[in-house]
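Please read the structure below before turning to the comments.
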Amino acid sequence: MLHLDLDSFFVSVERKHHSELKNKPVIVGGMGDRGVVASCSYETRKFGVRSGMPMKIARRLCPHAVYIKGNASIYTKESHLVTEIIKNQVPLFEKASVDEFYADLTGMDRFFGIERFAKELREGIIKESGLPISVGLSQNKVVSKIATGEVKPDAMSVIRLGEEKQFLAPLDVNKIPMIGDKTFQLLMGLGVYKVKTLQEMPVEVLEGVLGKNGRTIWKRAQGIDHTPIIPFHDRKSISNERTFHRDTTDVTRLHATLVAMTESLAFQLRRGNKLTSNISVKIRYSDFQTSTLQVKIPYTSADHILIPKAEELFKKLYNRRVLIRLIGVKLSGLVGGHYQINLFDDSEKMLSLYHSLDRIKDKYGERSVVRAVSMGAKTIGRMRNPFDGEPPIVLAHRNQ
Ligand SMILES: [Mg+2]
């Protein structure tokens, strides 16, 4: 399994388009009072700058850096470009996020030698895309990902079969994916700092402390992982559509339905930690004439970006004076990733808004908080209509 990760992706894209930024400390993020660092060059990291950090703190730590407001549409284009390069070389790969991939190279060694192939793939990506990328090669996804992280930036790491434990032993425990801040604090409280200590603990002890995750973490510490590649699919999508009981031209109602469907899909994206790069809207008239319009968009899962797009497409589509029978919204080109990618305006405020909204939805149901405009459309989403006891007419369709 090969793990590929573009180095400080947003910064590298900015440098590709503005060569004067090369070798300078660069920070990309939101420029407002409450902006967050989305990506920072390696020169800034020695001052303690990290992605996810409030811009205010970054400015204090590294005042001489060049600060750039992020541009999601350029990053999306570059992400698509790298995806195409990989797709042309490797039949089976996963796009784990906008800047991160896994490739299954099983069976290639007979022809090439896996290491040589991985090396040439990395060099090919750098040459064709102009973006630095690091790769890690081992028997499984977890070890490869950790290997990439250790060797970054602009390098390749190979962990051969049987060397996994030895490679992991000296690392800090939070290098293991799955060990977040909470688990890390807990382990440190127990005096467990290094993976070596985890390796030597009986699995039952770890299970006792961490519950069912304990066993997985213990296995990962030993370098064992059997997670398969989730093959990348351009057509991977989620959709929502609604047939009206009585065909309608009630614009307010149509609009409310459209917004509710889009809200519901965006929430599902965020729940599944996904981003979309393509939105389409469908209308079916009472005479069954159906038309669809779609548009490519920068990767997002934010309502305030998706809803205006849906409205814009609907306005363009709805051009006959005929009753409408059905409307639908579809989001495709899905990849894994957080919604920070296009929240460069006052992002901290926006992030916490989405965070709170999604928490309430998780707890009380998807329709517990909705936009005022979509309140008329009570049956969209997975929650039953509390007012009539009927099951929802619309359920989201999922296509692999
Ligand atoms: Mg990266």
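Naming scheme: A, B, ... for chains in displayed order of the structure tokens; residues 1 onward per chain; ligands 1 onward as shown.
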Quiz prompt | Neighbourhood of ligand 1 at 9 Å, counting only C-alpha atoms and all ligand atoms, reported as a PyMOL selection string | solution = chain A and resi 4-10+39+97-100+133-134
Kindly export the residues of the current selection with C-alpha atoms, as a PDB file, in the first residue's frame.
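Contents of result00.pdb, as written:
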```pdb
ATOM      1  CA  LEU A   4       0.695   9.860  -1.070  1.00  0.00           C
ATOM      2  CA  ASP A   5       0.327  13.247   0.585  1.00  0.00           C
ATOM      3  CA  LEU A   6       0.889  16.628  -1.077  1.00  0.00           C
ATOM      4  CA  ASP A   7       3.153  18.780   1.105  1.00  0.00           C
ATOM      5  CA  SER A   8       1.524  21.880   2.670  1.00  0.00           C
ATOM      6  CA  PHE A   9      -0.915  21.690  -0.228  1.00  0.00           C
ATOM      7  CA  PHE A  10      -2.517  25.173  -0.285  1.00  0.00           C
ATOM      8  CA  SER A  39      -1.995  25.574   5.538  1.00  0.00           C
ATOM      9  CA  SER A  97      -8.971  13.898   0.939  1.00  0.00           C
ATOM     10  CA  VAL A  98      -8.230  16.770  -1.423  1.00  0.00           C
ATOM     11  CA  ASP A  99      -4.478  16.262  -1.001  1.00  0.00           C
ATOM     12  CA  GLU A 100      -4.116  12.676   0.151  1.00  0.00           C
ATOM     13  CA  ILE A 133       4.435  15.318  -2.665  1.00  0.00           C
ATOM     14  CA  SER A 134       5.693  12.782  -0.124  1.00  0.00           C
TER      15      SER A 134
END
```
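Here the helix (DSSP H, G or I) residues in region 186-247 of chain A, by DSSP on the backbone, are A:Leu186, A:Leu187, A:Met188, A:Gly189, A:Val195, A:Lys196, A:Thr197, A:Leu198, A:Gln199, A:Glu200, A:Val203, A:Glu204, A:Val205, A:Leu206, A:Glu207, A:Gly208, A:Val209, A:Leu210, A:Asn213, A:Gly214, A:Arg215, A:Thr216, A:Ile217, A:Trp218, A:Lys219, A:Arg220, A:Ala221.
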Let's have the selection written as a PDB file, in the first residue's frame, with N, CA and C atoms.
```pdb
ATOM      1  N   LEU A 186      -4.956  10.947  27.848  1.00  0.00           N
ATOM      2  CA  LEU A 186      -5.236   9.793  28.699  1.00  0.00           C
ATOM      3  C   LEU A 186      -4.005   8.882  28.809  1.00  0.00           C
ATOM      4  N   LEU A 187      -3.393   8.606  27.647  1.00  0.00           N
ATOM      5  CA  LEU A 187      -2.215   7.734  27.635  1.00  0.00           C
ATOM      6  C   LEU A 187      -1.036   8.375  28.356  1.00  0.00           C
ATOM      7  N   MET A 188      -0.866   9.684  28.163  1.00  0.00           N
ATOM      8  CA  MET A 188       0.229  10.374  28.849  1.00  0.00           C
ATOM      9  C   MET A 188       0.036  10.314  30.361  1.00  0.00           C
ATOM     10  N   GLY A 189      -1.244  10.424  30.779  1.00  0.00           N
ATOM     11  CA  GLY A 189      -1.571  10.295  32.195  1.00  0.00           C
ATOM     12  C   GLY A 189      -1.130   8.942  32.757  1.00  0.00           C
ATOM     13  N   VAL A 195       5.320   4.596  21.248  1.00  0.00           N
ATOM     14  CA  VAL A 195       4.630   3.426  20.691  1.00  0.00           C
ATOM     15  C   VAL A 195       5.203   2.137  21.274  1.00  0.00           C
ATOM     16  N   LYS A 196       6.515   2.139  21.553  1.00  0.00           N
ATOM     17  CA  LYS A 196       7.160   0.953  22.123  1.00  0.00           C
ATOM     18  C   LYS A 196       6.424   0.467  23.379  1.00  0.00           C
ATOM     19  N   THR A 197       6.033   1.425  24.222  1.00  0.00           N
ATOM     20  CA  THR A 197       5.308   1.063  25.448  1.00  0.00           C
ATOM     21  C   THR A 197       3.969   0.399  25.112  1.00  0.00           C
ATOM     22  N   LEU A 198       3.280   0.953  24.117  1.00  0.00           N
ATOM     23  CA  LEU A 198       2.019   0.353  23.669  1.00  0.00           C
ATOM     24  C   LEU A 198       2.244  -1.068  23.182  1.00  0.00           C
ATOM     25  N   GLN A 199       3.319  -1.254  22.424  1.00  0.00           N
ATOM     26  CA  GLN A 199       3.631  -2.574  21.853  1.00  0.00           C
ATOM     27  C   GLN A 199       3.821  -3.618  22.947  1.00  0.00           C
ATOM     28  N   GLU A 200       4.372  -3.163  24.074  1.00  0.00           N
ATOM     29  CA  GLU A 200       4.689  -4.117  25.149  1.00  0.00           C
ATOM     30  C   GLU A 200       3.539  -4.332  26.127  1.00  0.00           C
ATOM     31  N   VAL A 203      -2.846  -6.497  25.356  1.00  0.00           N
ATOM     32  CA  VAL A 203      -3.963  -5.871  24.650  1.00  0.00           C
ATOM     33  C   VAL A 203      -5.153  -5.641  25.590  1.00  0.00           C
ATOM     34  N   GLU A 204      -5.335  -6.541  26.567  1.00  0.00           N
ATOM     35  CA  GLU A 204      -6.471  -6.435  27.487  1.00  0.00           C
ATOM     36  C   GLU A 204      -6.401  -5.148  28.325  1.00  0.00           C
ATOM     37  N   VAL A 205      -5.189  -4.769  28.708  1.00  0.00           N
ATOM     38  CA  VAL A 205      -5.032  -3.554  29.506  1.00  0.00           C
ATOM     39  C   VAL A 205      -5.500  -2.335  28.710  1.00  0.00           C
ATOM     40  N   LEU A 206      -5.078  -2.288  27.448  1.00  0.00           N
ATOM     41  CA  LEU A 206      -5.452  -1.181  26.585  1.00  0.00           C
ATOM     42  C   LEU A 206      -6.951  -1.153  26.337  1.00  0.00           C
ATOM     43  N   GLU A 207      -7.523  -2.343  26.179  1.00  0.00           N
ATOM     44  CA  GLU A 207      -8.973  -2.442  26.007  1.00  0.00           C
ATOM     45  C   GLU A 207      -9.703  -1.932  27.243  1.00  0.00           C
ATOM     46  N   GLY A 208      -9.145  -2.262  28.418  1.00  0.00           N
ATOM     47  CA  GLY A 208      -9.737  -1.813  29.662  1.00  0.00           C
ATOM     48  C   GLY A 208      -9.774  -0.297  29.766  1.00  0.00           C
ATOM     49  N   VAL A 209      -8.721   0.346  29.271  1.00  0.00           N
ATOM     50  CA  VAL A 209      -8.621   1.801  29.376  1.00  0.00           C
ATOM     51  C   VAL A 209      -9.388   2.510  28.257  1.00  0.00           C
ATOM     52  N   LEU A 210      -9.308   1.973  27.036  1.00  0.00           N
ATOM     53  CA  LEU A 210      -9.832   2.706  25.874  1.00  0.00           C
ATOM     54  C   LEU A 210     -11.072   2.066  25.262  1.00  0.00           C
ATOM     55  N   ASN A 213     -11.844   0.667  21.074  1.00  0.00           N
ATOM     56  CA  ASN A 213     -10.749   1.214  20.273  1.00  0.00           C
ATOM     57  C   ASN A 213      -9.385   0.701  20.719  1.00  0.00           C
ATOM     58  N   GLY A 214      -9.331   0.235  21.966  1.00  0.00           N
ATOM     59  CA  GLY A 214      -8.063  -0.205  22.540  1.00  0.00           C
ATOM     60  C   GLY A 214      -7.402  -1.283  21.715  1.00  0.00           C
ATOM     61  N   ARG A 215      -8.200  -2.234  21.248  1.00  0.00           N
ATOM     62  CA  ARG A 215      -7.641  -3.349  20.477  1.00  0.00           C
ATOM     63  C   ARG A 215      -7.078  -2.863  19.128  1.00  0.00           C
ATOM     64  N   THR A 216      -7.863  -1.975  18.474  1.00  0.00           N
ATOM     65  CA  THR A 216      -7.399  -1.449  17.176  1.00  0.00           C
ATOM     66  C   THR A 216      -6.101  -0.658  17.357  1.00  0.00           C
ATOM     67  N   ILE A 217      -6.059   0.165  18.399  1.00  0.00           N
ATOM     68  CA  ILE A 217      -4.855   0.958  18.635  1.00  0.00           C
ATOM     69  C   ILE A 217      -3.663   0.047  18.940  1.00  0.00           C
ATOM     70  N   TRP A 218      -3.902  -0.988  19.725  1.00  0.00           N
ATOM     71  CA  TRP A 218      -2.835  -1.940  20.040  1.00  0.00           C
ATOM     72  C   TRP A 218      -2.306  -2.597  18.763  1.00  0.00           C
ATOM     73  N   LYS A 219      -3.240  -3.020  17.895  1.00  0.00           N
ATOM     74  CA  LYS A 219      -2.840  -3.641  16.622  1.00  0.00           C
ATOM     75  C   LYS A 219      -2.020  -2.677  15.778  1.00  0.00           C
ATOM     76  N   ARG A 220      -2.497  -1.449  15.688  1.00  0.00           N
ATOM     77  CA  ARG A 220      -1.783  -0.453  14.899  1.00  0.00           C
ATOM     78  C   ARG A 220      -0.371  -0.230  15.437  1.00  0.00           C
ATOM     79  N   ALA A 221      -0.254  -0.241  16.764  1.00  0.00           N
ATOM     80  CA  ALA A 221       1.068  -0.077  17.381  1.00  0.00           C
ATOM     81  C   ALA A 221       2.010  -1.213  16.960  1.00  0.00           C
TER      82      ALA A 221
END
```
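When only C-alpha atoms are used to compute distances to Met156 (chain A), the closest of the residues A:Glu241, A:Glu115, A:Glu94, A:Asp358 turns out to be A:Glu115.
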Self-check item: Two-atom distance - CA of Val158 (chain A), CA of Asp181 (chain A) (Å)
Solution: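 Between these atoms lies a distance of 27.8 Å.
Nearest-residue note for Arg160 (chain A): choosing from A:Cys62, A:His338, A:Gly35, A:Ala147, the minimum distance belongs to A:Ala147, counting only C-alpha atoms.
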Quiz item: Near Thr262 (chain A), within 8 Å and counting only C-alpha atoms, which residues show up once chain neighbours fewer than 5 positions away are dropped, as a ChimeraX atom specification?
Solution: /A:240,303,306-307,310,329
Exercise. Skip Glu14 (chain A) itself and residues of its chain fewer than 4 positions away, then list as a list in words all residues within 10 Å of it, counting only C-alpha atoms.
Key: Phe9, Phe10, His18, Ser19, Glu20, Leu21, Lys22, Val26, Ile27, Val28, Ile68, Gly70, Asn71, Ile74 and Tyr75 of chain A
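With only C-alpha atoms as the atoms that count, the minimum distance from Met108 (chain A) to the choices A:Val66, A:Ile229, A:Met1, A:Val49 is reached by A:Met1.
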Quiz item: What is the distance between CA of Leu121 (chain A) and CA of Ala103 (chain A), in Å to one decimal?
Solution: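 Pair CA of Leu121 (chain A) / CA of Ala103 (chain A) returns 10.6 Å.
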Practice problem: Kindly give the distance, in Å, that separates CA of Thr276 (chain A) and CA of Leu331 (chain A), rounded to a single decimal. | Solution: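 Atom-to-atom, CA of Thr276 (chain A) to CA of Leu331 (chain A), that is 6.1 Å.
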Self-check item: Best match for closeness to Pro132 (chain A) among A:Ile230, A:Thr183, A:Ser12, A:Ser368, counting only C-alpha atoms
Solution: A:Ser12
Quiz item: Which of region 43-131 of chain A counts as strand (DSSP E) under DSSP, as a list of chain:residue names please?
Solution: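 Here are the strand (DSSP E) residues of region 43-131 of chain A: A:Val66, A:Tyr67, A:Ile68, A:Lys69, A:Phe93, A:Glu94, A:Lys95, A:Ala96, A:Ser97, A:Glu100, A:Phe101, A:Tyr102, A:Ala103.
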Would you output that residue set with C-alpha atoms, as a PDB file, in the first residue's frame?
```pdb
ATOM      1  CA  VAL A  66       3.568  36.172   3.866  1.00  0.00           C
ATOM      2  CA  TYR A  67      -0.151  35.845   4.666  1.00  0.00           C
ATOM      3  CA  ILE A  68      -2.515  34.783   1.889  1.00  0.00           C
ATOM      4  CA  LYS A  69      -6.264  34.431   1.848  1.00  0.00           C
ATOM      5  CA  PHE A  93      -6.534   4.039  -5.639  1.00  0.00           C
ATOM      6  CA  GLU A  94      -8.405   5.916  -2.939  1.00  0.00           C
ATOM      7  CA  LYS A  95      -8.750   9.672  -2.675  1.00  0.00           C
ATOM      8  CA  ALA A  96      -8.759  10.105   1.088  1.00  0.00           C
ATOM      9  CA  SER A  97      -8.971  13.898   0.939  1.00  0.00           C
ATOM     10  CA  GLU A 100      -4.116  12.676   0.151  1.00  0.00           C
ATOM     11  CA  PHE A 101      -4.309   9.322  -1.648  1.00  0.00           C
ATOM     12  CA  TYR A 102      -3.726   5.613  -1.140  1.00  0.00           C
ATOM     13  CA  ALA A 103      -2.749   3.287  -3.975  1.00  0.00           C
TER      14      ALA A 103
END
```
Self-check item: Within 9 Å of Lys119 (chain A) using only C-alpha atoms, minus same-chain residues under 5 positions, as a ChimeraX atom specification
Solution: /A:114,124,135,156
